[in-house]
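**Student:** Structure provided below as structure tokens; questions to follow.
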Amino acid sequence: MAVKIRLRRMGTKKKPFYRVVVADSRSPRDGRVIEEIGYYDPLTQPKKFVVNSEKANTWILNGAKPTDTVDRLFRENSVYINKEASKNEEAQEEPINK
């Protein structure tokens with residue numbers, strides 16, 4: 001099953017509001033989701049983007065692919081963890097048996 005992190009449109013006509021969701025790539029844009037991890041409101045000044053970065057990074061490490069728009073929002077708001085830092089943490093947690 002291919003999993004994507006994408007935006008789900010909410011709100012009314014001409015007043016969009018988006019939820020950041022984890023969903024199967026085959027489901028429709030506003031269809032069934034696996035988990036909601038945040039929201040994005042482009043109409044506020046400044047634009048409001050709130051996401052649970054811990055859950056987002058967990059999904060990404062498990063293979064979920066963010067869409068282009070979500071990827072841009074994650075980069076602008078420093079959601080991504082440093083992959084090298086996470087590998088170093090994992091290496092420190094695992095004991096070395098020799």
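Residue numbers start at 1 in each chain; chains themselves are named A, B, ... in the order of the structure tokens; ligands are numbered from 1 in the order shown.
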Can you check which residues of chain A DSSP gives as helix (DSSP H, G or I) on the backbone and send them as JSON, numbers by chain?

**Tutor:** {"A": [53, 54, 55, 56, 57, 58, 59, 60, 61, 68, 69, 70, 71, 72, 73, 74, 75, 76, 83, 84, 85, 86, 87, 88, 89, 90, 91, 92, 93]}

**Student:** Taking N, CA and C atoms for each residue, export the selection above as a short mmCIF file (atom, residue, chain, number, x, y, z; two decimals), in the first residue's frame.

**Tutor:**
data_model
loop_
_atom_site.label_atom_id
_atom_site.label_comp_id
_atom_site.auth_asym_id
_atom_site.auth_seq_id
_atom_site.Cartn_x
_atom_site.Cartn_y
_atom_site.Cartn_z
N SER A 53 5.18 17.35 14.22
CA SER A 53 6.38 16.95 13.49
C SER A 53 6.86 15.56 13.88
N GLU A 54 6.60 15.16 15.11
CA GLU A 54 7.00 13.82 15.54
C GLU A 54 6.25 12.75 14.74
N LYS A 55 4.94 12.93 14.59
CA LYS A 55 4.15 11.98 13.81
C LYS A 55 4.52 12.03 12.34
N ALA A 56 4.75 13.24 11.82
CA ALA A 56 5.11 13.38 10.41
C ALA A 56 6.42 12.65 10.11
N ASN A 57 7.41 12.85 10.95
CA ASN A 57 8.70 12.19 10.74
C ASN A 57 8.60 10.68 10.91
N THR A 58 7.75 10.23 11.83
CA THR A 58 7.55 8.79 11.99
C THR A 58 6.96 8.19 10.72
N TRP A 59 5.96 8.85 10.14
CA TRP A 59 5.37 8.35 8.90
C TRP A 59 6.38 8.38 7.76
N ILE A 60 7.19 9.42 7.68
CA ILE A 60 8.18 9.52 6.61
C ILE A 60 9.22 8.41 6.74
N LEU A 61 9.67 8.16 7.97
CA LEU A 61 10.64 7.09 8.19
C LEU A 61 10.05 5.71 7.88
N ASP A 68 4.17 17.29 -3.28
CA ASP A 68 5.05 18.43 -3.54
C ASP A 68 4.71 19.61 -2.63
N THR A 69 3.42 19.91 -2.49
CA THR A 69 3.00 21.05 -1.66
C THR A 69 3.33 20.81 -0.19
N VAL A 70 3.05 19.61 0.30
CA VAL A 70 3.34 19.29 1.69
C VAL A 70 4.85 19.29 1.93
N ASP A 71 5.60 18.80 0.96
CA ASP A 71 7.06 18.80 1.07
C ASP A 71 7.59 20.23 1.21
N ARG A 72 7.05 21.15 0.39
CA ARG A 72 7.46 22.55 0.48
C ARG A 72 7.09 23.14 1.84
N LEU A 73 5.90 22.86 2.34
CA LEU A 73 5.49 23.37 3.66
C LEU A 73 6.36 22.80 4.77
N PHE A 74 6.69 21.52 4.68
CA PHE A 74 7.57 20.90 5.68
C PHE A 74 8.95 21.55 5.68
N ARG A 75 9.51 21.81 4.49
CA ARG A 75 10.83 22.44 4.42
C ARG A 75 10.80 23.86 4.94
N GLU A 76 9.76 24.63 4.61
CA GLU A 76 9.65 26.02 5.06
C GLU A 76 9.49 26.12 6.57
N LYS A 83 18.35 13.33 8.83
CA LYS A 83 18.43 11.88 8.71
C LYS A 83 19.72 11.34 9.31
N GLU A 84 20.83 12.09 9.16
CA GLU A 84 22.10 11.65 9.73
C GLU A 84 22.03 11.64 11.26
N ALA A 85 21.37 12.63 11.83
CA ALA A 85 21.24 12.69 13.29
C ALA A 85 20.41 11.52 13.79
N SER A 86 19.35 11.17 13.07
CA SER A 86 18.52 10.03 13.50
C SER A 86 19.29 8.72 13.39
N LYS A 87 20.14 8.59 12.35
CA LYS A 87 20.94 7.38 12.21
C LYS A 87 21.95 7.28 13.35
N ASN A 88 22.55 8.43 13.74
CA ASN A 88 23.50 8.43 14.85
C ASN A 88 22.81 8.05 16.16
N GLU A 89 21.58 8.52 16.38
CA GLU A 89 20.84 8.18 17.58
C GLU A 89 20.54 6.68 17.61
N GLU A 90 20.14 6.11 16.46
CA GLU A 90 19.86 4.69 16.39
C GLU A 90 21.12 3.89 16.65
N ALA A 91 22.25 4.34 16.13
CA ALA A 91 23.50 3.63 16.32
C ALA A 91 23.92 3.65 17.79
N GLN A 92 23.65 4.76 18.48
CA GLN A 92 24.01 4.86 19.88
C GLN A 92 23.10 3.99 20.75
N GLU A 93 21.85 3.82 20.35
CA GLU A 93 20.91 3.03 21.13
C GLU A 93 21.19 1.53 21.03
#

**Student:** Using only C-alpha atoms, which protein or nucleic acid residues come within 10 Å of region 38-48 of chain A? Drop anything in the same chain fewer than 3 positions from it, and give the result as a list of chain:residue names.

**Tutor:**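 In the requested form, the answer reads A:Leu7, A:Arg8, A:Arg9, A:Met10, A:Gly11, A:Lys15, A:Pro16, A:Phe17, A:Tyr18, A:Arg19, A:Val20, A:Val21, A:Val22, A:Glu35, A:Val51, A:Asn52, A:Ser53, A:Lys55, A:Ala56, A:Val70, A:Leu73.
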
**Student:** Restricted to N, CA, C and O atoms, what would the selected residues look like written as a PDB file, in the first residue's frame?

**Tutor:**
ATOM      1  N   LEU A   7      -2.635  17.171   1.523  1.00  0.00           N
ATOM      2  CA  LEU A   7      -3.609  18.124   2.051  1.00  0.00           C
ATOM      3  C   LEU A   7      -5.019  17.660   1.722  1.00  0.00           C
ATOM      4  O   LEU A   7      -5.287  17.202   0.613  1.00  0.00           O
ATOM      5  N   ARG A   8      -5.908  17.796   2.697  1.00  0.00           N
ATOM      6  CA  ARG A   8      -7.325  17.493   2.511  1.00  0.00           C
ATOM      7  C   ARG A   8      -8.077  18.810   2.604  1.00  0.00           C
ATOM      8  O   ARG A   8      -7.994  19.497   3.624  1.00  0.00           O
ATOM      9  N   ARG A   9      -8.782  19.183   1.548  1.00  0.00           N
ATOM     10  CA  ARG A   9      -9.450  20.479   1.516  1.00  0.00           C
ATOM     11  C   ARG A   9     -10.699  20.470   2.387  1.00  0.00           C
ATOM     12  O   ARG A   9     -11.533  19.580   2.300  1.00  0.00           O
ATOM     13  N   MET A  10     -10.804  21.508   3.209  1.00  0.00           N
ATOM     14  CA  MET A  10     -11.968  21.722   4.059  1.00  0.00           C
ATOM     15  C   MET A  10     -12.433  23.150   3.780  1.00  0.00           C
ATOM     16  O   MET A  10     -11.930  23.812   2.902  1.00  0.00           O
ATOM     17  N   GLY A  11     -13.362  23.640   4.564  1.00  0.00           N
ATOM     18  CA  GLY A  11     -13.806  25.020   4.407  1.00  0.00           C
ATOM     19  C   GLY A  11     -14.884  25.146   3.341  1.00  0.00           C
ATOM     20  O   GLY A  11     -15.364  24.166   2.792  1.00  0.00           O
ATOM     21  N   LYS A  15     -12.994  29.913   0.432  1.00  0.00           N
ATOM     22  CA  LYS A  15     -12.379  30.062   1.756  1.00  0.00           C
ATOM     23  C   LYS A  15     -11.745  28.726   2.148  1.00  0.00           C
ATOM     24  O   LYS A  15     -12.232  28.032   3.037  1.00  0.00           O
ATOM     25  N   PRO A  16     -10.651  28.381   1.490  1.00  0.00           N
ATOM     26  CA  PRO A  16     -10.066  27.058   1.739  1.00  0.00           C
ATOM     27  C   PRO A  16      -9.380  26.959   3.098  1.00  0.00           C
ATOM     28  O   PRO A  16      -8.862  27.931   3.638  1.00  0.00           O
ATOM     29  N   PHE A  17      -9.404  25.764   3.612  1.00  0.00           N
ATOM     30  CA  PHE A  17      -8.720  25.390   4.841  1.00  0.00           C
ATOM     31  C   PHE A  17      -8.298  23.949   4.617  1.00  0.00           C
ATOM     32  O   PHE A  17      -9.068  23.162   4.075  1.00  0.00           O
ATOM     33  N   TYR A  18      -7.078  23.615   4.960  1.00  0.00           N
ATOM     34  CA  TYR A  18      -6.568  22.284   4.658  1.00  0.00           C
ATOM     35  C   TYR A  18      -6.131  21.559   5.918  1.00  0.00           C
ATOM     36  O   TYR A  18      -5.581  22.167   6.829  1.00  0.00           O
ATOM     37  N   ARG A  19      -6.361  20.254   5.934  1.00  0.00           N
ATOM     38  CA  ARG A  19      -5.814  19.395   6.977  1.00  0.00           C
ATOM     39  C   ARG A  19      -4.690  18.579   6.354  1.00  0.00           C
ATOM     40  O   ARG A  19      -4.804  18.120   5.220  1.00  0.00           O
ATOM     41  N   VAL A  20      -3.613  18.421   7.099  1.00  0.00           N
ATOM     42  CA  VAL A  20      -2.497  17.592   6.647  1.00  0.00           C
ATOM     43  C   VAL A  20      -2.813  16.183   7.116  1.00  0.00           C
ATOM     44  O   VAL A  20      -2.953  15.935   8.317  1.00  0.00           O
ATOM     45  N   VAL A  21      -2.962  15.260   6.161  1.00  0.00           N
ATOM     46  CA  VAL A  21      -3.387  13.903   6.491  1.00  0.00           C
ATOM     47  C   VAL A  21      -2.449  12.870   5.885  1.00  0.00           C
ATOM     48  O   VAL A  21      -1.742  13.130   4.912  1.00  0.00           O
ATOM     49  N   VAL A  22      -2.472  11.691   6.475  1.00  0.00           N
ATOM     50  CA  VAL A  22      -1.778  10.527   5.935  1.00  0.00           C
ATOM     51  C   VAL A  22      -2.869   9.647   5.345  1.00  0.00           C
ATOM     52  O   VAL A  22      -3.831   9.305   6.035  1.00  0.00           O
ATOM     53  N   GLU A  35      -4.633   8.981   9.210  1.00  0.00           N
ATOM     54  CA  GLU A  35      -4.406   9.816  10.387  1.00  0.00           C
ATOM     55  C   GLU A  35      -4.299  11.282   9.978  1.00  0.00           C
ATOM     56  O   GLU A  35      -3.757  11.593   8.925  1.00  0.00           O
ATOM     57  N   VAL A  51       1.638  21.401  12.505  1.00  0.00           N
ATOM     58  CA  VAL A  51       1.732  19.965  12.253  1.00  0.00           C
ATOM     59  C   VAL A  51       2.469  19.316  13.416  1.00  0.00           C
ATOM     60  O   VAL A  51       3.350  19.922  14.034  1.00  0.00           O
ATOM     61  N   ASN A  52       2.101  18.085  13.725  1.00  0.00           N
ATOM     62  CA  ASN A  52       2.798  17.300  14.732  1.00  0.00           C
ATOM     63  C   ASN A  52       4.029  16.711  14.043  1.00  0.00           C
ATOM     64  O   ASN A  52       3.940  15.709  13.341  1.00  0.00           O
ATOM     65  N   SER A  53       5.179  17.353  14.222  1.00  0.00           N
ATOM     66  CA  SER A  53       6.379  16.953  13.490  1.00  0.00           C
ATOM     67  C   SER A  53       6.861  15.564  13.884  1.00  0.00           C
ATOM     68  O   SER A  53       7.433  14.851  13.060  1.00  0.00           O
ATOM     69  N   LYS A  55       4.939  12.930  14.592  1.00  0.00           N
ATOM     70  CA  LYS A  55       4.146  11.975  13.808  1.00  0.00           C
ATOM     71  C   LYS A  55       4.517  12.031  12.339  1.00  0.00           C
ATOM     72  O   LYS A  55       4.613  10.999  11.677  1.00  0.00           O
ATOM     73  N   ALA A  56       4.748  13.236  11.816  1.00  0.00           N
ATOM     74  CA  ALA A  56       5.110  13.384  10.406  1.00  0.00           C
ATOM     75  C   ALA A  56       6.417  12.655  10.113  1.00  0.00           C
ATOM     76  O   ALA A  56       6.520  11.914   9.131  1.00  0.00           O
ATOM     77  N   VAL A  70       3.047  19.614   0.297  1.00  0.00           N
ATOM     78  CA  VAL A  70       3.339  19.292   1.693  1.00  0.00           C
ATOM     79  C   VAL A  70       4.848  19.292   1.928  1.00  0.00           C
ATOM     80  O   VAL A  70       5.326  19.775   2.958  1.00  0.00           O
ATOM     81  N   LEU A  73       5.900  22.863   2.342  1.00  0.00           N
ATOM     82  CA  LEU A  73       5.488  23.367   3.655  1.00  0.00           C
ATOM     83  C   LEU A  73       6.364  22.801   4.770  1.00  0.00           C
ATOM     84  O   LEU A  73       6.737  23.516   5.710  1.00  0.00           O
TER      85      LEU A  73
END

**Student:** Determine which residues of chain A DSSP labels as strand (DSSP E) from the backbone of this structure, then write them out as a ChimeraX atom specification.

**Tutor:** /A:3-12,15-24,35-41,48-51,65-66

**Student:** Write out as a PyMOL selection string the residues lying within 9 Å of Lys65 (chain A), counting only C-alpha atoms and excluding same-chain residues fewer than 6 positions away.

**Tutor:** chain A and resi 2-6+59+71

**Student:** What does the file look like for those residues with N, CA and C atoms, as a PDB file, in the first residue's frame?

**Tutor:**
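Printed below is result.pdb as written:
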ATOM      1  N   ALA A   2       0.693   2.104  -0.968  1.00  0.00           N
ATOM      2  CA  ALA A   2       1.452   3.349  -1.057  1.00  0.00           C
ATOM      3  C   ALA A   2       0.753   4.404  -0.200  1.00  0.00           C
ATOM      4  N   VAL A   3       1.500   4.977   0.721  1.00  0.00           N
ATOM      5  CA  VAL A   3       0.943   5.962   1.646  1.00  0.00           C
ATOM      6  C   VAL A   3       1.522   7.330   1.328  1.00  0.00           C
ATOM      7  N   LYS A   4       0.654   8.343   1.325  1.00  0.00           N
ATOM      8  CA  LYS A   4       1.079   9.716   1.050  1.00  0.00           C
ATOM      9  C   LYS A   4       0.661  10.632   2.188  1.00  0.00           C
ATOM     10  N   ILE A   5       1.470  11.669   2.383  1.00  0.00           N
ATOM     11  CA  ILE A   5       1.102  12.752   3.297  1.00  0.00           C
ATOM     12  C   ILE A   5       0.651  13.887   2.393  1.00  0.00           C
ATOM     13  N   ARG A   6      -0.610  14.282   2.518  1.00  0.00           N
ATOM     14  CA  ARG A   6      -1.147  15.272   1.598  1.00  0.00           C
ATOM     15  C   ARG A   6      -2.150  16.181   2.288  1.00  0.00           C
ATOM     16  N   TRP A  59       5.958   8.845  10.141  1.00  0.00           N
ATOM     17  CA  TRP A  59       5.365   8.352   8.902  1.00  0.00           C
ATOM     18  C   TRP A  59       6.377   8.375   7.759  1.00  0.00           C
ATOM     19  N   ASP A  71       5.601  18.796   0.964  1.00  0.00           N
ATOM     20  CA  ASP A  71       7.060  18.799   1.068  1.00  0.00           C
ATOM     21  C   ASP A  71       7.587  20.227   1.213  1.00  0.00           C
TER      22      ASP A  71
END
